[in-house]
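Asker: The file below is my_file_6.pdb, PDB, C-alpha atoms:
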ATOM      1  CA  ASP A   1      -4.757  60.235 100.370  1.00  0.00           C
ATOM      2  CA  VAL A   2      -6.252  58.511 103.426  1.00  0.00           C
ATOM      3  CA  PRO A   3      -5.902  54.693 103.570  1.00  0.00           C
ATOM      4  CA  ARG A   4      -9.241  52.890 103.655  1.00  0.00           C
ATOM      5  CA  LEU A   5      -8.036  49.777 105.489  1.00  0.00           C
ATOM      6  CA  VAL A   6      -6.443  49.772 108.933  1.00  0.00           C
ATOM      7  CA  ILE A   7      -5.543  46.618 110.877  1.00  0.00           C
ATOM      8  CA  PRO A   8      -4.092  45.935 114.324  1.00  0.00           C
ATOM      9  CA  ILE A   9      -0.320  45.514 114.360  1.00  0.00           C
ATOM     10  CA  SER A  10      -0.956  42.129 116.023  1.00  0.00           C
ATOM     11  CA  ALA A  11      -2.260  40.854 112.656  1.00  0.00           C
ATOM     12  CA  LEU A  12       1.142  41.277 110.948  1.00  0.00           C
ATOM     13  CA  THR A  13       3.876  38.692 110.560  1.00  0.00           C
ATOM     14  CA  GLU A  14       7.290  39.566 109.175  1.00  0.00           C
ATOM     15  CA  ASP A  15       9.671  37.485 107.075  1.00  0.00           C
ATOM     16  CA  LEU A  16      12.908  39.156 105.999  1.00  0.00           C
ATOM     17  CA  GLY A  17      11.355  42.629 105.985  1.00  0.00           C
ATOM     18  CA  THR A  18       8.196  41.559 104.137  1.00  0.00           C
ATOM     19  CA  PHE A  19       4.906  41.829 106.006  1.00  0.00           C
ATOM     20  CA  SER A  20       2.057  39.359 105.654  1.00  0.00           C
ATOM     21  CA  VAL A  21      -1.342  38.677 107.171  1.00  0.00           C
ATOM     22  CA  TYR A  22      -3.494  35.558 107.248  1.00  0.00           C
ATOM     23  CA  VAL A  23      -6.856  35.919 105.531  1.00  0.00           C
ATOM     24  CA  GLN A  24      -9.592  33.430 106.437  1.00  0.00           C
ATOM     25  CA  ARG A  25     -10.802  31.624 103.321  1.00  0.00           C
ATOM     26  CA  GLY A  26     -13.521  29.602 105.048  1.00  0.00           C
ATOM     27  CA  GLY A  27     -13.598  27.290 108.049  1.00  0.00           C
ATOM     28  CA  GLU A  28     -10.034  26.510 109.085  1.00  0.00           C
ATOM     29  CA  ARG A  29      -8.519  27.551 105.741  1.00  0.00           C
ATOM     30  CA  TYR A  30      -6.215  30.553 105.724  1.00  0.00           C
ATOM     31  CA  GLU A  31      -4.297  32.299 102.993  1.00  0.00           C
ATOM     32  CA  LYS A  32      -0.998  33.986 103.766  1.00  0.00           C
ATOM     33  CA  ARG A  33      -1.115  37.332 101.993  1.00  0.00           C
ATOM     34  CA  GLN A  34       1.742  39.788 101.509  1.00  0.00           C
ATOM     35  CA  VAL A  35       0.748  43.363 102.344  1.00  0.00           C
ATOM     36  CA  VAL A  36       2.316  46.799 102.047  1.00  0.00           C
ATOM     37  CA  THR A  37       1.740  48.972 105.108  1.00  0.00           C
ATOM     38  CA  GLY A  38       2.091  52.626 105.921  1.00  0.00           C
ATOM     39  CA  SER A  39       3.165  54.252 109.175  1.00  0.00           C
ATOM     40  CA  GLY A  40       1.067  53.223 112.138  1.00  0.00           C
ATOM     41  CA  ASP A  41       0.402  54.634 115.582  1.00  0.00           C
ATOM     42  CA  GLY A  42       1.905  51.716 117.538  1.00  0.00           C
ATOM     43  CA  ASN A  43      -1.400  49.847 117.737  1.00  0.00           C
ATOM     44  CA  TYR A  44      -2.836  50.015 114.216  1.00  0.00           C
ATOM     45  CA  VAL A  45      -1.284  50.217 110.771  1.00  0.00           C
ATOM     46  CA  PRO A  46      -2.808  51.265 107.427  1.00  0.00           C
ATOM     47  CA  VAL A  47      -2.737  48.685 104.632  1.00  0.00           C
ATOM     48  CA  LEU A  48      -1.754  50.315 101.342  1.00  0.00           C
ATOM     49  CA  SER A  49      -2.023  47.163  99.208  1.00  0.00           C
ATOM     50  CA  GLY A  50      -2.604  43.425  99.451  1.00  0.00           C
ATOM     51  CA  LEU A  51      -6.027  43.400 101.141  1.00  0.00           C
ATOM     52  CA  SER A  52      -9.543  44.161 100.018  1.00  0.00           C
ATOM     53  CA  GLU A  53     -12.317  45.640 102.090  1.00  0.00           C
ATOM     54  CA  GLY A  54     -14.447  42.967 103.740  1.00  0.00           C
ATOM     55  CA  GLU A  55     -11.782  40.245 103.909  1.00  0.00           C
ATOM     56  CA  ARG A  56     -11.463  38.485 107.269  1.00  0.00           C
ATOM     57  CA  VAL A  57      -7.967  38.914 108.707  1.00  0.00           C
ATOM     58  CA  VAL A  58      -6.630  36.928 111.665  1.00  0.00           C
ATOM     59  CA  THR A  59      -5.910  39.525 114.359  1.00  0.00           C
ATOM     60  CA  ARG A  60      -5.421  37.292 117.426  1.00  0.00           C
ATOM     61  CA  GLY A  61      -3.464  34.059 117.575  1.00  0.00           C
ATOM     62  CA  VAL A  62      -1.604  34.900 114.372  1.00  0.00           C
ATOM     63  CA  HIS A  63       1.540  33.078 115.458  1.00  0.00           C
ATOM     64  CA  ALA A  64      -0.492  29.954 116.297  1.00  0.00           C
ATOM     65  CA  VAL A  65      -1.992  30.002 112.774  1.00  0.00           C
ATOM     66  CA  ARG A  66       1.493  30.550 111.315  1.00  0.00           C
ATOM     67  CA  LEU A  67       2.979  27.630 113.284  1.00  0.00           C
ATOM     68  CA  ALA A  68       0.043  25.360 112.446  1.00  0.00           C
ATOM     69  CA  ALA A  69       0.338  26.270 108.760  1.00  0.00           C
ATOM     70  CA  SER A  70       4.060  25.509 108.730  1.00  0.00           C
ATOM     71  CA  ALA A  71       3.366  22.171 110.454  1.00  0.00           C
ATOM     72  CA  GLY A  72       0.599  21.383 107.934  1.00  0.00           C
ATOM     73  CA  GLN A  73      -2.138  21.350 110.593  1.00  0.00           C
ATOM     74  CA  VAL A  74      -4.296  23.980 108.893  1.00  0.00           C
ATOM     75  CA  GLN A  75      -4.628  24.597 105.216  1.00  0.00           C
ATOM     76  CA  ALA A  76      -2.693  27.692 104.201  1.00  0.00           C
ATOM     77  CA  HIS A  77      -0.863  28.688 101.078  1.00  0.00           C
ATOM     78  CA  ALA A  78       1.368  31.584 100.223  1.00  0.00           C
ATOM     79  CA  HIS A  79      -0.053  34.117  97.820  1.00  0.00           C
ATOM     80  CA  ALA A  80       1.695  37.399  97.136  1.00  0.00           C
ATOM     81  CA  HIS A  81       0.401  40.363  95.165  1.00  0.00           C
TER      82      HIS A  81
END
Could I get this file's structure written as structure tokens?

Answerer:
Amino acid sequence: DVPRLVIPISALTEDLGTFSVYVQRGGERYEKRQVVTGSGDGNYVPVLSGLSEGERVVTRGVHAVRLAASAGQVQAHAHAH
């Protein structure tokens, strides 16, 4: 079974062994989304669950979005599947 979605490793954040990505919800609004990943090649990783095709994922500046979200500077909310 070949995964349909592959993202750059740079898009992932990790909290206590759980991986998440930030999905753009419009403008400067981002949703933190828990994802399950498969084995990657060092640059890219397949997403087994937690994302849908066509969603916009932050791939650069992820840590800046994460810090801004924790400081309340951008609108983000946690949402796990």

Asker: Which residues are close to stretch 45-49 of chain A, i.e. within 10 Å by only C-alpha atoms, leaving aside same-chain residues fewer than 5 positions away? Reply as a PyMOL selection string.

Answerer: chain A and resi 2-12+34-40+81

Asker: Excluding same-chain residues fewer than 2 positions from A:Thr13, what lies within 9 Å of it counting all atoms listed in the file, as a list of chain:residue names?

Answerer: A:Ile9, A:Ser10, A:Ala11, A:Asp15, A:Thr18, A:Phe19, A:Ser20, A:Val21, A:Tyr22, A:Val62, A:His63, A:Arg66

Asker: Restricted to C-alpha atoms, what would the selected residues look like written as a short mmCIF file (atom, residue, chain, number, x, y, z; two decimals), in the coordinates of the input?

Answerer:
data_model
loop_
_atom_site.label_atom_id
_atom_site.label_comp_id
_atom_site.auth_asym_id
_atom_site.auth_seq_id
_atom_site.Cartn_x
_atom_site.Cartn_y
_atom_site.Cartn_z
CA ILE A 9 -0.32 45.51 114.36
CA SER A 10 -0.96 42.13 116.02
CA ALA A 11 -2.26 40.85 112.66
CA ASP A 15 9.67 37.48 107.08
CA THR A 18 8.20 41.56 104.14
CA PHE A 19 4.91 41.83 106.01
CA SER A 20 2.06 39.36 105.65
CA VAL A 21 -1.34 38.68 107.17
CA TYR A 22 -3.49 35.56 107.25
CA VAL A 62 -1.60 34.90 114.37
CA HIS A 63 1.54 33.08 115.46
CA ARG A 66 1.49 30.55 111.32
#

Asker: Counting all atoms listed in the file, what is within 8 Å of A:Arg56, bar same-chain residues fewer than 2 positions away, as number ranges by chain?

Answerer: A: 23-25, 54, 58

Asker: Provide an axis-aligned box for all listed atoms of stretch 28-35 of chain A, padding each side by 5 Å; report its centre and its edge lengths in Å to one decimal, as JSON.

Answerer:
{"center_x": -4.1, "center_y": 34.9, "center_z": 105.3, "size_x": 21.8, "size_y": 26.9, "size_z": 17.6}

Asker: Report the distance between atom CA of A:Gly42 and atom CA of A:Thr59 in Å, rounded to one decimal place.

Answerer: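 We find that atom CA of A:Gly42 and atom CA of A:Thr59 lie 14.8 Å from each other.
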
Asker: For a quick check of understanding, using all atoms listed in the file, which of A:Ala64, A:Ala69, A:Gly17, A:Ser52 has the smallest distance to A:Lys32?

Answerer: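 Among A:Ala64, A:Ala69, A:Gly17, A:Ser52, it is A:Ala69 that comes nearest to A:Lys32.
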
Asker: What is the atom CA of A:Glu28 to atom CA of A:Glu53 distance in Å?

Answerer: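 Distance reported for this atom pair: 20.5 Å.
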
Asker: A:Leu16, A:Ala71, A:Val57, A:Leu51: which is nearest A:Tyr30, counting all atoms listed in the file?

Answerer: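 Result for the nearest residue to A:Tyr30: A:Val57.
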
Asker: Could stretch 58-69 of chain A be completed with all heavy atoms and written as a PDB file, keeping the file's coordinate frame, please?

Answerer:
ATOM      1  N   VAL A  58      -6.922  37.435 110.324  1.00  0.00           N
ATOM      2  CA  VAL A  58      -6.630  36.928 111.665  1.00  0.00           C
ATOM      3  C   VAL A  58      -5.925  38.041 112.435  1.00  0.00           C
ATOM      4  O   VAL A  58      -4.885  38.539 112.002  1.00  0.00           O
ATOM      5  CB  VAL A  58      -5.741  35.670 111.604  1.00  0.00           C
ATOM      6  CG1 VAL A  58      -5.371  35.208 113.005  1.00  0.00           C
ATOM      7  CG2 VAL A  58      -6.431  34.551 110.832  1.00  0.00           C
ATOM      8  N   THR A  59      -6.507  38.446 113.567  1.00  0.00           N
ATOM      9  CA  THR A  59      -5.910  39.525 114.359  1.00  0.00           C
ATOM     10  C   THR A  59      -5.413  39.033 115.711  1.00  0.00           C
ATOM     11  O   THR A  59      -4.599  39.701 116.340  1.00  0.00           O
ATOM     12  CB  THR A  59      -6.916  40.673 114.598  1.00  0.00           C
ATOM     13  OG1 THR A  59      -8.062  40.158 115.268  1.00  0.00           O
ATOM     14  CG2 THR A  59      -7.317  41.318 113.280  1.00  0.00           C
ATOM     15  N   ARG A  60      -5.890  37.882 116.179  1.00  0.00           N
ATOM     16  CA  ARG A  60      -5.421  37.292 117.426  1.00  0.00           C
ATOM     17  C   ARG A  60      -5.016  35.854 117.156  1.00  0.00           C
ATOM     18  O   ARG A  60      -5.681  35.161 116.398  1.00  0.00           O
ATOM     19  CB  ARG A  60      -6.522  37.310 118.489  1.00  0.00           C
ATOM     20  CG  ARG A  60      -6.688  38.679 119.099  1.00  0.00           C
ATOM     21  CD  ARG A  60      -7.654  38.643 120.249  1.00  0.00           C
ATOM     22  NE  ARG A  60      -8.815  39.453 119.848  1.00  0.00           N
ATOM     23  CZ  ARG A  60     -10.055  39.173 120.131  1.00  0.00           C
ATOM     24  NH1 ARG A  60     -10.367  38.119 120.814  1.00  0.00           N
ATOM     25  NH2 ARG A  60     -11.017  39.951 119.720  1.00  0.00           N
ATOM     26  N   GLY A  61      -3.931  35.430 117.777  1.00  0.00           N
ATOM     27  CA  GLY A  61      -3.464  34.059 117.575  1.00  0.00           C
ATOM     28  C   GLY A  61      -2.768  33.871 116.241  1.00  0.00           C
ATOM     29  O   GLY A  61      -2.709  32.761 115.717  1.00  0.00           O
ATOM     30  N   VAL A  62      -2.250  34.949 115.685  1.00  0.00           N
ATOM     31  CA  VAL A  62      -1.604  34.900 114.372  1.00  0.00           C
ATOM     32  C   VAL A  62      -0.438  33.917 114.370  1.00  0.00           C
ATOM     33  O   VAL A  62      -0.280  33.128 113.444  1.00  0.00           O
ATOM     34  CB  VAL A  62      -1.138  36.303 113.924  1.00  0.00           C
ATOM     35  CG1 VAL A  62      -0.307  36.230 112.660  1.00  0.00           C
ATOM     36  CG2 VAL A  62      -2.326  37.209 113.731  1.00  0.00           C
ATOM     37  N   HIS A  63       0.374  33.958 115.424  1.00  0.00           N
ATOM     38  CA  HIS A  63       1.540  33.078 115.458  1.00  0.00           C
ATOM     39  C   HIS A  63       1.137  31.617 115.567  1.00  0.00           C
ATOM     40  O   HIS A  63       1.804  30.743 115.020  1.00  0.00           O
ATOM     41  CB  HIS A  63       2.502  33.504 116.562  1.00  0.00           C
ATOM     42  CG  HIS A  63       3.096  34.847 116.287  1.00  0.00           C
ATOM     43  ND1 HIS A  63       3.993  35.068 115.259  1.00  0.00           N
ATOM     44  CD2 HIS A  63       2.884  36.056 116.853  1.00  0.00           C
ATOM     45  CE1 HIS A  63       4.317  36.340 115.224  1.00  0.00           C
ATOM     46  NE2 HIS A  63       3.653  36.968 116.183  1.00  0.00           N
ATOM     47  N   ALA A  64       0.010  31.328 116.233  1.00  0.00           N
ATOM     48  CA  ALA A  64      -0.492  29.954 116.297  1.00  0.00           C
ATOM     49  C   ALA A  64      -0.920  29.480 114.906  1.00  0.00           C
ATOM     50  O   ALA A  64      -0.637  28.345 114.513  1.00  0.00           O
ATOM     51  CB  ALA A  64      -1.656  29.862 117.280  1.00  0.00           C
ATOM     52  N   VAL A  65      -1.588  30.351 114.147  1.00  0.00           N
ATOM     53  CA  VAL A  65      -1.992  30.002 112.774  1.00  0.00           C
ATOM     54  C   VAL A  65      -0.751  29.791 111.917  1.00  0.00           C
ATOM     55  O   VAL A  65      -0.668  28.834 111.147  1.00  0.00           O
ATOM     56  CB  VAL A  65      -2.898  31.096 112.160  1.00  0.00           C
ATOM     57  CG1 VAL A  65      -3.144  30.827 110.674  1.00  0.00           C
ATOM     58  CG2 VAL A  65      -4.212  31.177 112.910  1.00  0.00           C
ATOM     59  N   ARG A  66       0.243  30.659 112.085  1.00  0.00           N
ATOM     60  CA  ARG A  66       1.493  30.550 111.315  1.00  0.00           C
ATOM     61  C   ARG A  66       2.211  29.235 111.619  1.00  0.00           C
ATOM     62  O   ARG A  66       2.650  28.540 110.706  1.00  0.00           O
ATOM     63  CB  ARG A  66       2.376  31.738 111.644  1.00  0.00           C
ATOM     64  CG  ARG A  66       3.656  31.781 110.867  1.00  0.00           C
ATOM     65  CD  ARG A  66       4.448  33.006 111.258  1.00  0.00           C
ATOM     66  NE  ARG A  66       5.660  33.091 110.461  1.00  0.00           N
ATOM     67  CZ  ARG A  66       6.538  34.046 110.552  1.00  0.00           C
ATOM     68  NH1 ARG A  66       6.346  35.033 111.405  1.00  0.00           N
ATOM     69  NH2 ARG A  66       7.602  34.052 109.811  1.00  0.00           N
ATOM     70  N   LEU A  67       2.320  28.882 112.903  1.00  0.00           N
ATOM     71  CA  LEU A  67       2.979  27.630 113.284  1.00  0.00           C
ATOM     72  C   LEU A  67       2.199  26.417 112.783  1.00  0.00           C
ATOM     73  O   LEU A  67       2.780  25.458 112.287  1.00  0.00           O
ATOM     74  CB  LEU A  67       3.149  27.558 114.802  1.00  0.00           C
ATOM     75  CG  LEU A  67       4.171  28.506 115.398  1.00  0.00           C
ATOM     76  CD1 LEU A  67       4.115  28.463 116.924  1.00  0.00           C
ATOM     77  CD2 LEU A  67       5.570  28.180 114.905  1.00  0.00           C
ATOM     78  N   ALA A  68       0.868  26.471 112.918  1.00  0.00           N
ATOM     79  CA  ALA A  68       0.043  25.360 112.446  1.00  0.00           C
ATOM     80  C   ALA A  68       0.151  25.203 110.930  1.00  0.00           C
ATOM     81  O   ALA A  68       0.212  24.090 110.415  1.00  0.00           O
ATOM     82  CB  ALA A  68      -1.413  25.571 112.856  1.00  0.00           C
ATOM     83  N   ALA A  69       0.214  26.326 110.217  1.00  0.00           N
ATOM     84  CA  ALA A  69       0.338  26.270 108.760  1.00  0.00           C
ATOM     85  C   ALA A  69       1.681  25.664 108.365  1.00  0.00           C
ATOM     86  O   ALA A  69       1.759  24.849 107.447  1.00  0.00           O
ATOM     87  CB  ALA A  69       0.193  27.663 108.161  1.00  0.00           C
TER      88      ALA A  69
END
